[in-house]
Amino acid sequence: MNARRWYVVHTQPNGEARADLNLRRQGFATYLPRYGRQRSHARRREVVKRPLFPRYLFVGLDLARDRWRAIHSTFGVNRLVLAGEEPLPVPESVIDEIRAREDDEGLVALGLPAGVGPGSRVRLVDGIFADAKGVLERIADDRRVAILLELLGREVRVFVSPASVGIG
């Protein structure tokens, strides 16, 4: 049975790629989610890959088998995030949700999930209304969407980030 779980590595400033490479060289499974960001320079526009979580990446470990303490002395790594003396595991659902938002190039889409638009049944995945279900009313702009939630017997409109919206 594989007891591998995902854990969080805190990297040195701008050291995500270096830590990722050096951890993989040591035989660790890593996951560095990235998103595409538009950059303009000298009348040129290009998409650059940026870490989804600056200064963090995930490492897959079996704590009983792997020599996980070696992570602390890896170039590019600041430390493994611990809870007391043991690494703090990340719920598998978090990794699955991030991977589900990746496109063909492996970049995480920060907008709405594929196939979700006005009129779609949705579920909020975080915030004070986490797990509340509603209907996507409209896309207000690139940073907010309007969701109609049924609260206290009436429909209430809330504005949330597109990243907070899951499939109903």
# chains A, B, ... in the order shown; residues from 1 in each chain; ligands from 1
$ residues_around --residues "Val122 of chain A" --least-positions-apart "2" --cutoff "12 Å" --atoms "only C-alpha atoms" --output "JSON, numbers by chain"
{"A": [112, 113, 114, 115, 116, 117, 118, 119, 120, 124, 125, 130, 131, 132, 133, 134, 135, 136, 137, 145, 146, 147, 148, 149, 162, 163, 164, 165, 166, 167, 168]}
$ write_last_selection --atoms "C-alpha atoms" --output "JSON list (two decimals), in the first residue's frame"
[["chain", "number", "residue", "atom", "x", "y", "z"],
["A", 112, "LEU", "CA", -14.41, 29.75, -13.56],
["A", 113, "PRO", "CA", -14.36, 25.96, -14.01],
["A", 114, "ALA", "CA", -14.87, 24.77, -17.59],
["A", 115, "GLY", "CA", -18.50, 24.74, -18.70],
["A", 116, "VAL", "CA", -19.69, 27.10, -15.96],
["A", 117, "GLY", "CA", -21.53, 30.23, -17.06],
["A", 118, "PRO", "CA", -24.57, 32.34, -16.21],
["A", 119, "GLY", "CA", -27.45, 30.11, -15.11],
["A", 120, "SER", "CA", -25.17, 27.25, -13.96],
["A", 124, "LEU", "CA", -18.83, 28.01, -3.22],
["A", 125, "VAL", "CA", -15.59, 26.32, -2.18],
["A", 130, "ALA", "CA", -18.26, 27.74, 1.80],
["A", 131, "ASP", "CA", -20.33, 24.76, 0.58],
["A", 132, "ALA", "CA", -23.36, 26.99, -0.10],
["A", 133, "LYS", "CA", -25.08, 26.20, -3.39],
["A", 134, "GLY", "CA", -26.57, 28.71, -5.75],
["A", 135, "VAL", "CA", -26.90, 29.91, -9.34],
["A", 136, "LEU", "CA", -24.28, 31.92, -11.20],
["A", 137, "GLU", "CA", -26.16, 35.09, -12.09],
["A", 145, "VAL", "CA", -18.93, 36.92, -10.25],
["A", 146, "ALA", "CA", -22.45, 37.34, -8.88],
["A", 147, "ILE", "CA", -24.00, 34.26, -7.27],
["A", 148, "LEU", "CA", -27.62, 33.98, -6.15],
["A", 149, "LEU", "CA", -27.81, 32.04, -2.87],
["A", 162, "PRO", "CA", -14.18, 33.16, -9.76],
["A", 163, "ALA", "CA", -11.64, 30.93, -7.98],
["A", 164, "SER", "CA", -14.17, 30.47, -5.15],
["A", 165, "VAL", "CA", -16.72, 28.84, -7.48],
["A", 166, "GLY", "CA", -16.98, 25.08, -7.91],
["A", 167, "ILE", "CA", -19.31, 22.91, -9.93],
["A", 168, "GLY", "CA", -22.65, 22.54, -8.19]]
$ residues_around --residues "Gly106 of chain A" --least-positions-apart "4" --cutoff "9 Å" --atoms "only C-alpha atoms" --output "list in words"
Pro33, Arg34, Tyr35, Arg99, Arg101 and Glu102 of chain A
$ select_by_dssp --residues "segment 4-144 of chain A" --states "alpha helix (DSSP H)" --output "list of chain:residue names"
A:Glu16, A:Ala17, A:Arg18, A:Ala19, A:Asp20, A:Leu21, A:Asn22, A:Leu23, A:Arg24, A:Arg25, A:Glu92, A:Ser93, A:Val94, A:Ile95, A:Asp96, A:Glu97, A:Ile98, A:Arg99, A:Ala100
$ residues_around --residues "Phe75 of chain A" --least-positions-apart "2" --cutoff "12 Å" --atoms "only C-alpha atoms" --output "VMD selection string"
chain A and resid 10 to 13 15 to 26 70 to 73 77 to 79
$ select_by_dssp --residues "segment 22-91 of chain A" --states "strand (DSSP E or B)" --output "PyMOL selection string"
chain A and resi 29-31+34-41+44-51+56-61+77-80+82-83+86-87+89-90
$ closest_residue --among "A:Asn14, A:Thr74, A:Ser161, A:Thr30" --to "Phe58 of chain A" --atoms "only C-alpha atoms"
A:Thr30
$ decode --residues "segment 11-151 of chain A" --atoms "C-alpha atoms" --output "mmCIF file, in the first residue's frame"
data_model
loop_
_atom_site.group_PDB
_atom_site.id
_atom_site.type_symbol
_atom_site.label_atom_id
_atom_site.label_comp_id
_atom_site.auth_asym_id
_atom_site.auth_seq_id
_atom_site.Cartn_x
_atom_site.Cartn_y
_atom_site.Cartn_z
ATOM 1 C CA THR A 11 11.041 27.894 -0.587
ATOM 2 C CA GLN A 12 13.569 30.686 -0.633
ATOM 3 C CA PRO A 13 12.478 33.914 -2.385
ATOM 4 C CA ASN A 14 12.012 33.176 -6.104
ATOM 5 C CA GLY A 15 13.376 29.700 -5.400
ATOM 6 C CA GLU A 16 10.374 27.569 -6.366
ATOM 7 C CA ALA A 17 11.882 26.251 -9.623
ATOM 8 C CA ARG A 18 15.295 25.656 -8.035
ATOM 9 C CA ALA A 19 13.766 23.786 -5.075
ATOM 10 C CA ASP A 20 11.532 21.773 -7.435
ATOM 11 C CA LEU A 21 14.496 20.717 -9.582
ATOM 12 C CA ASN A 22 16.721 19.794 -6.618
ATOM 13 C CA LEU A 23 13.964 17.832 -4.854
ATOM 14 C CA ARG A 24 13.261 15.859 -8.046
ATOM 15 C CA ARG A 25 16.987 15.144 -8.415
ATOM 16 C CA GLN A 26 16.865 13.580 -4.938
ATOM 17 C CA GLY A 27 14.006 11.320 -6.038
ATOM 18 C CA PHE A 28 11.083 13.175 -4.423
ATOM 19 C CA ALA A 29 7.767 13.575 -6.232
ATOM 20 C CA THR A 30 6.945 17.282 -6.495
ATOM 21 C CA TYR A 31 4.099 19.441 -7.706
ATOM 22 C CA LEU A 32 4.632 23.118 -8.507
ATOM 23 C CA PRO A 33 1.325 24.543 -9.775
ATOM 24 C CA ARG A 34 1.732 27.541 -12.099
ATOM 25 C CA TYR A 35 -0.528 29.976 -13.893
ATOM 26 C CA GLY A 36 0.020 32.066 -17.020
ATOM 27 C CA ARG A 37 0.447 35.803 -16.562
ATOM 28 C CA GLN A 38 0.471 38.350 -19.390
ATOM 29 C CA ARG A 39 3.590 40.495 -19.472
ATOM 30 C CA SER A 40 4.257 43.464 -21.747
ATOM 31 C CA HIS A 41 7.804 44.473 -22.511
ATOM 32 C CA ALA A 42 9.192 46.552 -25.381
ATOM 33 C CA ARG A 43 5.895 46.453 -27.318
ATOM 34 C CA ARG A 44 5.710 42.685 -26.953
ATOM 35 C CA ARG A 45 3.145 40.713 -25.022
ATOM 36 C CA GLU A 46 4.012 37.280 -23.729
ATOM 37 C CA VAL A 47 2.684 34.769 -21.231
ATOM 38 C CA VAL A 48 5.078 33.927 -18.412
ATOM 39 C CA LYS A 49 4.619 31.005 -16.053
ATOM 40 C CA ARG A 50 4.337 32.134 -12.427
ATOM 41 C CA PRO A 51 3.954 29.975 -9.302
ATOM 42 C CA LEU A 52 0.338 29.775 -8.146
ATOM 43 C CA PHE A 53 1.586 29.973 -4.539
ATOM 44 C CA PRO A 54 4.723 32.145 -4.452
ATOM 45 C CA ARG A 55 7.453 30.584 -2.237
ATOM 46 C CA TYR A 56 5.570 27.265 -1.906
ATOM 47 C CA LEU A 57 5.399 23.911 -3.666
ATOM 48 C CA PHE A 58 4.122 20.439 -2.785
ATOM 49 C CA VAL A 59 6.158 17.295 -2.191
ATOM 50 C CA GLY A 60 4.788 13.734 -2.129
ATOM 51 C CA LEU A 61 6.129 11.698 0.784
ATOM 52 C CA ASP A 62 5.665 8.414 2.560
ATOM 53 C CA LEU A 63 6.844 9.479 6.017
ATOM 54 C CA ALA A 64 7.625 5.888 7.036
ATOM 55 C CA ARG A 65 9.870 5.247 3.989
ATOM 56 C CA ASP A 66 11.234 8.535 2.702
ATOM 57 C CA ARG A 67 14.142 10.427 4.205
ATOM 58 C CA TRP A 68 12.060 13.596 4.423
ATOM 59 C CA ARG A 69 14.414 15.464 6.775
ATOM 60 C CA ALA A 70 16.833 15.820 3.831
ATOM 61 C CA ILE A 71 14.366 18.307 2.347
ATOM 62 C CA HIS A 72 15.481 20.927 4.880
ATOM 63 C CA SER A 73 19.020 21.002 3.452
ATOM 64 C CA THR A 74 17.979 21.110 -0.226
ATOM 65 C CA PHE A 75 19.101 24.127 -2.288
ATOM 66 C CA GLY A 76 16.150 26.451 -2.866
ATOM 67 C CA VAL A 77 14.211 25.139 0.152
ATOM 68 C CA ASN A 78 13.659 27.259 3.234
ATOM 69 C CA ARG A 79 11.859 24.554 5.228
ATOM 70 C CA LEU A 80 9.205 21.865 5.150
ATOM 71 C CA VAL A 81 6.011 23.115 6.797
ATOM 72 C CA LEU A 82 5.652 21.185 10.072
ATOM 73 C CA ALA A 83 2.972 20.654 12.694
ATOM 74 C CA GLY A 84 5.146 20.112 15.741
ATOM 75 C CA GLU A 85 7.790 17.556 14.742
ATOM 76 C CA GLU A 86 5.958 16.057 11.737
ATOM 77 C CA PRO A 87 5.231 17.514 8.272
ATOM 78 C CA LEU A 88 1.710 18.906 7.908
ATOM 79 C CA PRO A 89 -0.236 16.960 5.219
ATOM 80 C CA VAL A 90 -2.357 18.693 2.592
ATOM 81 C CA PRO A 91 -5.798 17.152 1.941
ATOM 82 C CA GLU A 92 -5.759 15.203 -1.335
ATOM 83 C CA SER A 93 -8.888 17.128 -2.416
ATOM 84 C CA VAL A 94 -6.872 20.375 -2.501
ATOM 85 C CA ILE A 95 -4.340 18.904 -4.933
ATOM 86 C CA ASP A 96 -7.149 17.331 -7.005
ATOM 87 C CA GLU A 97 -8.970 20.687 -7.233
ATOM 88 C CA ILE A 98 -5.822 22.494 -8.406
ATOM 89 C CA ARG A 99 -5.022 19.788 -10.980
ATOM 90 C CA ALA A 100 -8.615 19.832 -12.244
ATOM 91 C CA ARG A 101 -8.115 23.491 -13.205
ATOM 92 C CA GLU A 102 -4.992 22.825 -15.320
ATOM 93 C CA ASP A 103 -5.110 23.348 -19.063
ATOM 94 C CA ASP A 104 -3.244 21.413 -21.786
ATOM 95 C CA GLU A 105 -0.009 23.271 -20.987
ATOM 96 C CA GLY A 106 -0.241 22.408 -17.290
ATOM 97 C CA LEU A 107 -1.154 25.972 -16.312
ATOM 98 C CA VAL A 108 -3.845 26.487 -13.681
ATOM 99 C CA ALA A 109 -6.835 28.454 -14.974
ATOM 100 C CA LEU A 110 -7.762 31.062 -12.396
ATOM 101 C CA GLY A 111 -11.224 31.741 -13.763
ATOM 102 C CA LEU A 112 -14.415 29.750 -13.563
ATOM 103 C CA PRO A 113 -14.364 25.959 -14.012
ATOM 104 C CA ALA A 114 -14.871 24.774 -17.591
ATOM 105 C CA GLY A 115 -18.500 24.740 -18.698
ATOM 106 C CA VAL A 116 -19.689 27.101 -15.957
ATOM 107 C CA GLY A 117 -21.528 30.233 -17.058
ATOM 108 C CA PRO A 118 -24.575 32.340 -16.212
ATOM 109 C CA GLY A 119 -27.446 30.114 -15.109
ATOM 110 C CA SER A 120 -25.169 27.255 -13.959
ATOM 111 C CA ARG A 121 -25.713 25.588 -10.590
ATOM 112 C CA VAL A 122 -22.557 26.206 -8.545
ATOM 113 C CA ARG A 123 -21.084 25.596 -5.092
ATOM 114 C CA LEU A 124 -18.834 28.014 -3.216
ATOM 115 C CA VAL A 125 -15.593 26.322 -2.182
ATOM 116 C CA ASP A 126 -14.270 28.827 0.372
ATOM 117 C CA GLY A 127 -15.091 31.936 2.379
ATOM 118 C CA ILE A 128 -17.947 32.489 4.811
ATOM 119 C CA PHE A 129 -20.417 30.845 2.427
ATOM 120 C CA ALA A 130 -18.256 27.741 1.799
ATOM 121 C CA ASP A 131 -20.335 24.763 0.584
ATOM 122 C CA ALA A 132 -23.363 26.993 -0.096
ATOM 123 C CA LYS A 133 -25.083 26.197 -3.388
ATOM 124 C CA GLY A 134 -26.571 28.707 -5.749
ATOM 125 C CA VAL A 135 -26.902 29.908 -9.338
ATOM 126 C CA LEU A 136 -24.282 31.924 -11.197
ATOM 127 C CA GLU A 137 -26.161 35.087 -12.094
ATOM 128 C CA ARG A 138 -23.516 36.987 -14.033
ATOM 129 C CA ILE A 139 -19.814 37.599 -14.502
ATOM 130 C CA ALA A 140 -19.278 41.100 -13.129
ATOM 131 C CA ASP A 141 -15.664 41.472 -14.293
ATOM 132 C CA ASP A 142 -12.449 39.430 -14.338
ATOM 133 C CA ARG A 143 -12.274 39.528 -10.521
ATOM 134 C CA ARG A 144 -15.898 39.013 -9.435
ATOM 135 C CA VAL A 145 -18.929 36.919 -10.247
ATOM 136 C CA ALA A 146 -22.450 37.345 -8.881
ATOM 137 C CA ILE A 147 -23.997 34.260 -7.268
ATOM 138 C CA LEU A 148 -27.624 33.984 -6.150
ATOM 139 C CA LEU A 149 -27.809 32.040 -2.868
ATOM 140 C CA GLU A 150 -30.964 30.897 -1.067
ATOM 141 C CA LEU A 151 -30.508 32.233 2.476
#
